[in-house]
$ cat target.txt   # compact mmCIF, C-alpha atoms
# COMPACT_ATOMS: atom_id res chain seq x y z
CA MET A 1 81.65 36.70 77.63
CA SER A 2 84.10 39.59 77.74
CA ARG A 3 87.83 39.08 77.94
CA PRO A 4 88.30 40.18 81.61
CA HIS A 5 85.44 37.89 82.69
CA ARG A 6 86.96 35.00 80.80
CA LEU A 7 90.38 35.58 82.37
CA GLY A 8 88.82 35.80 85.84
CA LEU A 9 87.01 32.53 85.29
CA PHE A 10 90.24 30.97 84.03
CA ALA A 11 92.20 32.19 87.08
CA VAL A 12 89.70 30.53 89.43
CA SER A 13 89.51 27.26 87.50
CA ALA A 14 93.27 27.11 86.84
CA ALA A 15 93.94 27.49 90.57
CA GLY A 16 91.53 24.63 91.21
CA LEU A 17 93.06 22.51 88.45
CA THR A 18 96.62 23.15 89.71
CA ALA A 19 95.64 22.16 93.25
CA LEU A 20 93.95 19.01 91.94
CA LEU A 21 96.95 18.06 89.78
CA LEU A 22 99.45 18.70 92.59
CA TRP A 23 97.30 16.62 94.96
CA GLY A 24 97.22 13.90 92.31
CA VAL A 25 100.97 13.78 91.67
CA ALA A 26 101.66 13.88 95.44
CA GLY A 27 100.11 10.41 95.54
CA LEU A 28 102.57 9.06 92.98
CA PRO A 29 105.58 7.00 94.06
CA ASP A 30 108.57 9.22 94.85
CA PHE A 31 110.69 10.34 91.91
CA GLY A 32 113.33 7.68 91.24
CA HIS A 33 111.34 4.94 93.00
CA TYR A 34 109.58 3.36 90.05
CA ARG A 35 107.55 0.43 91.36
CA GLY A 36 106.74 -1.42 88.16
CA PRO A 37 105.76 -4.08 87.42
CA TYR A 38 105.57 -3.71 83.62
CA GLY A 39 108.97 -2.09 83.14
CA PHE A 40 110.75 -4.65 85.30
CA VAL A 41 109.01 -7.58 83.60
CA LEU A 42 109.83 -6.25 80.12
CA ASN A 43 113.44 -5.40 80.96
CA ALA A 44 113.94 -8.88 82.37
CA SER A 45 112.18 -10.86 79.65
CA ALA A 46 112.39 -8.91 76.37
CA PRO A 47 116.08 -9.54 75.55
CA GLY A 48 115.58 -13.27 76.07
CA GLU A 49 112.15 -13.53 74.45
CA ARG A 50 112.80 -11.40 71.36
CA HIS A 51 116.63 -11.48 71.08
CA VAL A 52 116.80 -7.67 70.89
CA THR A 53 118.82 -5.40 73.15
CA ASN A 54 116.78 -2.19 72.84
CA VAL A 55 113.74 -2.88 74.99
CA VAL A 56 112.12 0.45 74.02
CA ALA A 57 112.06 -0.69 70.38
CA ALA A 58 110.67 -4.05 71.47
CA VAL A 59 107.85 -2.22 73.29
CA VAL A 60 107.14 0.07 70.34
CA PHE A 61 107.18 -2.58 67.61
CA ASP A 62 106.15 -5.69 69.50
CA TYR A 63 104.62 -5.62 72.98
CA ARG A 64 102.68 -2.43 72.27
CA GLY A 65 102.75 -2.76 68.48
CA PHE A 66 99.00 -2.18 68.25
CA ASP A 67 99.38 1.18 69.97
CA THR A 68 102.06 2.13 67.42
CA LEU A 69 99.66 1.20 64.62
CA GLY A 70 97.32 3.86 66.00
CA GLU A 71 100.16 6.40 66.18
CA GLU A 72 101.12 5.60 62.58
CA PHE A 73 97.63 6.39 61.43
CA ILE A 74 97.50 9.64 63.41
CA LEU A 75 100.73 10.56 61.60
CA PHE A 76 99.28 9.50 58.26
CA ALA A 77 95.98 11.32 58.80
CA SER A 78 97.57 14.59 59.88
CA VAL A 79 100.00 14.65 56.95
CA MET A 80 97.11 13.94 54.58
CA GLY A 81 95.21 16.75 56.29
CA VAL A 82 98.07 19.18 55.71
CA ALA A 83 98.33 18.08 52.07
CA LEU A 84 94.58 18.49 51.55
CA LEU A 85 94.50 21.92 53.19
CA LEU A 86 97.55 23.36 51.46
CA ARG A 87 97.52 21.69 48.04
CA ASP A 88 93.94 22.66 47.38
CA VAL A 89 94.56 26.38 47.08
CA ARG A 90 97.82 26.31 45.20
CA ASP A 91 97.88 26.39 41.45
CA GLY A 92 101.49 25.50 40.82
CA ALA A 93 102.48 29.14 41.06
CA GLY A 94 105.71 30.21 42.67
CA ARG A 95 108.15 27.72 41.18
CA ARG A 96 111.54 29.20 41.81
CA GLY A 97 115.17 28.55 41.22
CA ASP A 98 118.01 28.22 43.67
CA ALA A 99 118.38 31.25 45.91
CA MET A 100 121.71 30.25 47.43
CA ARG A 101 124.70 31.67 45.61
CA SER A 102 127.52 30.51 47.88
CA ASP A 103 129.51 27.57 46.55
CA ALA A 104 131.01 26.91 49.98
CA VAL A 105 127.59 26.51 51.62
CA ARG A 106 126.44 24.33 48.76
CA LEU A 107 129.49 22.06 48.95
CA VAL A 108 129.42 21.64 52.73
CA GLY A 109 125.62 21.24 52.79
CA LEU A 110 125.58 18.56 50.13
CA GLY A 111 128.54 16.81 51.74
CA PHE A 112 126.76 16.67 55.07
CA ALA A 113 123.52 15.54 53.45
CA GLY A 114 125.22 12.28 52.49
CA VAL A 115 126.63 11.81 55.99
CA LEU A 116 123.25 12.59 57.55
CA LEU A 117 121.47 10.15 55.24
CA LEU A 118 123.92 7.42 56.20
CA THR A 119 123.53 8.25 59.91
CA GLY A 120 119.75 8.13 59.57
CA LEU A 121 119.84 4.75 57.84
CA TYR A 122 122.21 3.48 60.55
CA VAL A 123 119.86 4.69 63.30
CA VAL A 124 116.94 2.93 61.57
CA ALA A 125 118.80 -0.30 60.87
CA HIS A 126 120.19 -0.71 64.39
CA GLY A 127 117.00 0.52 66.03
CA TYR A 128 116.29 -2.66 67.95
CA LEU A 129 119.89 -3.09 69.14
CA THR A 130 121.13 0.36 70.14
CA PRO A 131 119.27 3.66 70.73
CA GLY A 132 117.25 4.48 67.65
CA GLY A 133 114.53 2.97 65.53
CA GLY A 134 112.12 3.80 62.75
CA PHE A 135 110.70 6.93 64.38
CA GLN A 136 114.01 8.59 65.25
CA GLY A 137 115.89 7.37 62.16
CA GLY A 138 113.05 8.40 59.88
CA VAL A 139 113.29 11.98 61.12
CA VAL A 140 117.09 11.99 60.60
CA VAL A 141 116.71 10.67 57.03
CA ALA A 142 114.10 13.35 56.30
CA ALA A 143 116.52 15.96 57.70
CA ALA A 144 119.10 14.84 55.12
CA PHE A 145 116.66 15.79 52.35
CA VAL A 146 115.96 19.12 54.02
CA LEU A 147 119.70 19.77 54.16
CA VAL A 148 119.82 19.47 50.37
CA TYR A 149 117.27 22.27 50.21
CA LEU A 150 119.16 24.36 52.78
CA ALA A 151 122.33 23.99 50.74
CA GLY A 152 120.51 25.96 48.07
CA GLU A 153 119.64 23.10 45.78
CA TYR A 154 115.91 23.67 45.45
CA ARG A 155 115.75 21.90 42.11
CA GLY A 156 117.91 19.09 43.44
CA TYR A 157 115.63 18.83 46.46
CA ARG A 158 112.54 18.58 44.26
CA ARG A 159 114.23 16.00 42.03
CA LEU A 160 115.17 13.92 45.08
CA THR A 161 111.72 14.12 46.63
CA PRO A 162 109.05 13.75 43.94
CA ILE A 163 105.69 14.25 45.68
CA VAL A 164 104.20 11.15 44.03
CA VAL A 165 106.99 8.92 45.40
CA MET A 166 106.65 10.46 48.87
CA ASP A 167 102.86 10.03 48.82
CA VAL A 168 103.25 6.39 47.86
CA SER A 169 105.98 5.80 50.49
CA GLU A 170 103.86 7.37 53.19
CA GLY A 171 100.85 5.26 52.32
CA SER A 172 102.82 2.06 51.98
CA GLY A 173 104.60 2.71 55.29
CA ALA A 174 101.32 2.97 57.18
CA GLY A 175 99.64 0.26 55.12
CA GLY A 176 102.67 -2.03 55.33
CA TYR A 177 102.55 -1.86 59.12
CA ALA A 178 98.94 -3.06 59.07
CA VAL A 179 99.78 -5.75 56.47
CA ILE A 180 102.56 -7.14 58.69
CA GLY A 181 99.96 -7.36 61.46
CA ILE A 182 97.64 -9.29 59.15
CA VAL A 183 100.48 -11.68 58.22
CA SER A 184 100.60 -12.60 61.92
CA LEU A 185 96.87 -13.36 61.75
CA LEU A 186 97.36 -15.54 58.64
CA LEU A 187 100.13 -17.43 60.43
CA GLY A 188 97.61 -18.30 63.11
CA SER A 189 98.60 -15.98 65.96
CA ALA A 190 97.22 -12.68 67.25
CA PHE A 191 97.27 -9.45 65.22
CA LEU A 192 100.81 -7.97 65.18
CA HIS A 193 102.16 -10.90 67.19
CA ASN A 194 105.87 -11.36 66.50
CA PHE A 195 106.64 -13.91 63.81
CA GLY A 196 109.71 -14.92 61.86
CA PRO A 197 113.00 -16.32 63.04
CA LEU A 198 114.27 -14.51 66.13
CA GLY A 199 117.89 -14.88 65.03
CA THR A 200 120.97 -14.41 67.15
CA GLY A 201 120.66 -11.92 69.97
CA GLY A 202 122.47 -8.62 69.47
CA THR A 203 122.87 -8.92 65.70
CA LEU A 204 120.94 -7.22 62.91
CA ALA A 205 119.26 -10.52 62.06
CA ALA A 206 117.33 -10.58 65.33
CA GLY A 207 113.89 -9.73 66.60
CA GLY A 208 111.68 -11.43 63.97
CA SER A 209 108.99 -9.10 62.68
CA ILE A 210 110.29 -6.16 64.75
CA ALA A 211 112.71 -5.50 61.87
CA PHE A 212 109.89 -5.29 59.28
CA LEU A 213 107.73 -3.03 61.44
CA ASN A 214 110.80 -0.87 62.09
CA VAL A 215 111.40 -0.39 58.35
CA ALA A 216 107.71 0.28 57.64
CA THR A 217 107.71 2.96 60.34
CA ALA A 218 110.94 4.52 59.05
CA LEU A 219 109.43 4.74 55.54
CA GLU A 220 106.25 6.32 56.90
CA VAL A 221 108.04 8.86 59.12
CA THR A 222 110.58 9.87 56.45
CA ALA A 223 107.91 10.39 53.82
CA ALA A 224 105.65 12.21 56.28
CA PHE A 225 108.31 14.73 57.28
CA VAL A 226 109.51 15.29 53.71
CA LEU A 227 105.89 15.82 52.61
CA LEU A 228 105.21 18.27 55.43
CA PHE A 229 108.34 20.23 54.64
CA THR A 230 107.56 20.28 50.92
CA GLU A 231 103.98 21.45 51.51
CA PHE A 232 105.03 24.37 53.71
CA LEU A 233 107.88 25.23 51.35
CA GLU A 234 105.54 25.35 48.36
CA GLU A 235 103.15 27.46 50.40
CA LEU A 236 105.98 29.88 51.17
CA SER A 237 107.06 30.18 47.56
CA ALA A 238 103.43 30.67 46.47
CA VAL A 239 103.10 33.50 49.03
CA ARG A 240 106.35 35.06 47.84
CA ALA A 241 105.27 34.84 44.21
CA GLY A 242 101.96 36.46 45.19
CA ALA A 243 103.79 39.29 46.96
CA ARG A 244 105.91 39.94 43.89
CA SER A 245 103.06 40.10 41.39
CA MET B 1 110.98 12.49 98.82
CA SER B 2 111.18 14.45 95.62
CA TYR B 3 108.07 15.61 93.82
CA LEU B 4 109.84 18.35 91.91
CA PRO B 5 109.71 16.66 88.45
CA PHE B 6 105.96 16.04 88.88
CA ALA B 7 105.39 19.62 90.00
CA LEU B 8 107.35 20.76 86.94
CA ALA B 9 105.01 18.74 84.69
CA VAL B 10 101.99 20.38 86.35
CA TRP B 11 103.57 23.82 85.93
CA ILE B 12 104.32 23.28 82.21
CA PHE B 13 100.75 22.07 81.69
CA VAL B 14 99.14 25.04 83.46
CA VAL B 15 101.43 27.59 81.78
CA GLY B 16 100.55 26.10 78.38
CA LEU B 17 96.86 26.23 79.29
CA TYR B 18 97.20 29.88 80.31
CA GLY B 19 98.73 30.56 76.88
CA VAL B 20 95.87 28.78 75.11
CA VAL B 21 93.21 30.70 77.06
CA THR B 22 94.76 34.14 76.62
CA SER B 23 95.98 33.59 73.06
CA ARG B 24 95.41 36.35 70.54
CA ASN B 25 96.95 34.50 67.63
CA LEU B 26 96.20 31.03 66.28
CA ILE B 27 99.89 30.24 65.66
CA HIS B 28 100.69 31.21 69.26
CA LEU B 29 97.77 29.02 70.34
CA ALA B 30 99.12 26.00 68.44
CA VAL B 31 102.55 26.43 70.04
CA CYS B 32 100.98 26.76 73.52
CA LEU B 33 99.11 23.51 72.87
CA SER B 34 102.40 21.76 72.14
CA VAL B 35 103.85 23.22 75.36
CA MET B 36 100.92 21.65 77.23
CA GLN B 37 101.57 18.39 75.45
CA SER B 38 105.25 18.35 76.38
CA SER B 39 104.25 18.31 80.06
CA THR B 40 103.07 14.74 79.49
CA TYR B 41 106.59 13.73 78.48
CA VAL B 42 108.03 15.13 81.70
CA LEU B 43 105.35 13.35 83.71
CA LEU B 44 105.72 10.01 81.92
CA LEU B 45 109.51 9.93 82.05
CA SER B 46 109.50 11.00 85.73
CA ILE B 47 107.13 8.19 86.64
CA GLY B 48 109.30 5.59 84.91
CA TYR B 49 112.58 6.82 86.36
CA LEU B 50 114.50 4.58 88.71
CA SER B 51 117.34 6.03 90.78
CA GLY B 52 120.64 4.93 89.31
CA GLY B 53 118.88 3.14 86.45
CA THR B 54 120.37 3.11 82.95
CA ALA B 55 118.55 3.34 79.62
CA PRO B 56 116.61 0.12 78.93
CA ILE B 57 119.07 -0.88 76.23
CA PHE B 58 121.03 -4.00 77.06
CA ALA B 59 123.79 -3.93 74.48
CA ASP B 60 127.16 -4.47 76.15
CA VAL B 61 125.98 -4.09 79.74
CA PRO B 62 126.46 -6.63 82.50
CA LYS B 63 123.49 -8.88 83.31
CA GLY B 64 121.18 -7.57 86.01
CA THR B 65 121.78 -3.87 85.35
CA ARG B 66 118.96 -1.73 86.76
CA ALA B 67 117.16 0.09 83.98
CA VAL B 68 114.29 2.58 83.84
CA ASP B 69 110.79 1.71 82.60
CA PRO B 70 110.84 1.18 78.79
CA VAL B 71 107.04 1.52 78.40
CA VAL B 72 106.83 5.23 79.24
CA GLN B 73 109.87 5.89 77.04
CA ALA B 74 108.16 4.16 74.12
CA LEU B 75 105.01 6.26 74.70
CA ALA B 76 107.01 9.51 74.81
CA LEU B 77 109.12 8.65 71.76
CA THR B 78 106.21 7.88 69.43
CA ASP B 79 104.35 10.93 70.65
CA VAL B 80 107.26 13.32 70.08
CA VAL B 81 107.24 12.42 66.38
CA VAL B 82 103.48 12.27 65.97
CA SER B 83 102.85 15.55 67.82
CA VAL B 84 105.04 17.42 65.32
CA THR B 85 102.81 16.32 62.45
CA VAL B 86 99.70 17.27 64.42
CA LEU B 87 101.25 20.69 65.06
CA ALA B 88 101.85 20.97 61.31
CA LEU B 89 98.17 20.23 60.73
CA LEU B 90 97.16 22.98 63.17
CA LEU B 91 99.50 25.44 61.45
CA ALA B 92 98.04 24.50 58.05
CA LEU B 93 94.59 25.23 59.49
CA ALA B 94 95.88 28.60 60.72
CA ILE B 95 97.09 29.39 57.18
CA GLN B 96 93.63 28.60 55.83
CA VAL B 97 91.96 30.75 58.51
CA GLN B 98 94.22 33.66 57.58
CA LYS B 99 93.34 33.22 53.90
CA HIS B 100 89.61 33.06 54.46
CA SER B 101 89.09 35.69 57.14
CA GLU B 102 92.28 37.78 57.02
CA THR B 103 92.86 37.46 60.74
CA LEU B 104 94.54 35.07 63.14
CA ASP B 105 92.87 36.42 66.28
CA PRO B 106 90.41 33.83 67.66
CA ASP B 107 88.35 36.60 69.30
CA GLU B 108 87.74 38.34 65.98
CA LEU B 109 86.94 35.05 64.30
CA ARG B 110 83.93 34.46 66.52
CA THR B 111 82.07 37.50 65.30
CA MET B 112 82.69 36.76 61.64
CA HIS B 113 80.35 34.83 59.41
CA GLY B 114 80.80 33.68 55.87

$ encode --input "target.txt" --output "structure tokens"
Amino acid sequence: MSRPHRLGLFAVSAAGLTALLLWGVAGLPDFGHYRGPYGFVLNASAPGERHVTNVVAAVVFDYRGFDTLGEEFILFASVMGVALLLRDVRDGAGRRGDAMRSDAVRLVGLGFAGVLLLTGLYVVAHGYLTPGGGFQGGVVVAAAFVLVYLAGEYRGYRRLTPIVVMDVSEGSGAGGYAVIGIVSLLLGSAFLHNFGPLGTGGTLAAGGSIAFLNVATALEVTAAFVLLFTEFLEELSAVRAGARS
Amino acid sequence: MSYLPFALAVWIFVVGLYGVVTSRNLIHLAVCLSVMQSSTYVLLLSIGYLSGGTAPIFADVPKGTRAVDPVVQALALTDVVVSVTVLALLLALAIQVQKHSETLDPDELRTMHG
């Protein structure tokens, strides 16, 4: 089919699809008039049932924990896919030194990397109490490593993020999540059902197994993002080395 | 009576789809796909929104505070992170396509073999 024909066909079908979608959303409850019931039930019962204050984290790591297991494995599979696709064709070429020559950038960058790492760990640790959690905190922690690279410390970045360690962290994050689910089974309840002491509400020692799943997710997400960044970075330096030779 | 946020989600979806259909570059196509995907966040969060509701986080708030639906927020939050890694996978595929067939145009790819 030629390009004009294809576009014509798309125009007709897109108009139909838009009409169908608009008709569909017109049947939804008005914006701002959420009818529930799931959200209301969870908001009312989660703080009492699980002793956590962040109900979103309780949904992610407890009430819909099985769904998150699936998401974890999508994450795992796509990072493995990237590694397989990009590592295959590279032969270790393109190792390079630090390109950044500015001491000021280096100093500020490295200083902020520490602050960012601490912020990320805080976001992870308090994930089930205040806004945050393993997914968000994991990305912030990974950003701290990237900041080390941006500050011009390529060698430092590679020393901080050995690929083997990141591979193992990524695998054990995803695997650990599944193992925590199996522990629930061994304790005689359903897969991924919350276990462990629920602790005092509003403190770090609350939520039972939510805390473990939170940490497993943070490990997985951090390693996944560092691995992705490293793979694309190596690809870039391989391309640059190829352009030079 | 406000359907504007839902209409916005439809618009983002259709615009992204237009980009995918007319794309001449695989990297552009991957980005258009993530535009389409972000329409689902707008739709989900709009459905769960409650007028005057706060975030469903009950640290230091009085009992009985109205809060928005936490389920759709949880769905959006996991997907934001996961979709980035899927986008990275698509971009890695685009790199491989470029290496093997020296083009990123999907139309040219169809006529190439081997």

$ residues_near_point --input "target.txt" --point "(106.5, 20.3, 53.9)" --cutoff "12 Å" --atoms "all atoms listed in the file" --output "number ranges by chain"
A: 79-80, 82-83, 86-87, 142-143, 145-146, 149, 157-158, 161, 163, 166, 222-237; B: 84-85, 88-89, 91-92

$ atom_distance --input "target.txt" --atom1 "CA of Leu4 in chain B" --atom2 "CA of Asp30 in chain A"
9.7 Å

$ residues_around --input "target.txt" --residues "Gly24 in chain A" --least-positions-apart "4" --cutoff "12 Å" --atoms "only C-alpha atoms" --output "list in words"
Leu17, Thr18, Ala19, Leu20, Leu28 and Pro29 of chain A; Tyr3, Phe6, Ala7, Ala9, Val10 and Leu43 of chain B

$ closest_residue --input "target.txt" --among "B:Val35, B:Val72, B:Ile57, B:Leu90" --to "chain A" --atoms "all atoms listed in the file"
B:Ile57

$ residues_around --input "target.txt" --residues "range 50-54 of chain A" --least-positions-apart "6" --cutoff "12 Å" --atoms "all atoms listed in the file" --output "VMD selection string"
(chain A and resid 42 to 44 60 to 63 126 to 133 193 to 211) or (chain B and resid 54 to 61 63 67 70 to 71 73 to 74)

$ residues_around --input "target.txt" --residues "Val80 in chain B" --least-positions-apart "3" --cutoff "10 Å" --atoms "only C-alpha atoms" --output "NGL selection string"
(:A and (135-136)) or (:B and (34 or 37-38 or 41 or 75-77 or 83-85))

$ atom_distance --input "target.txt" --atom1 "CA of Leu69 in chain A" --atom2 "CA of Tyr177 in chain A"
6.9 Å
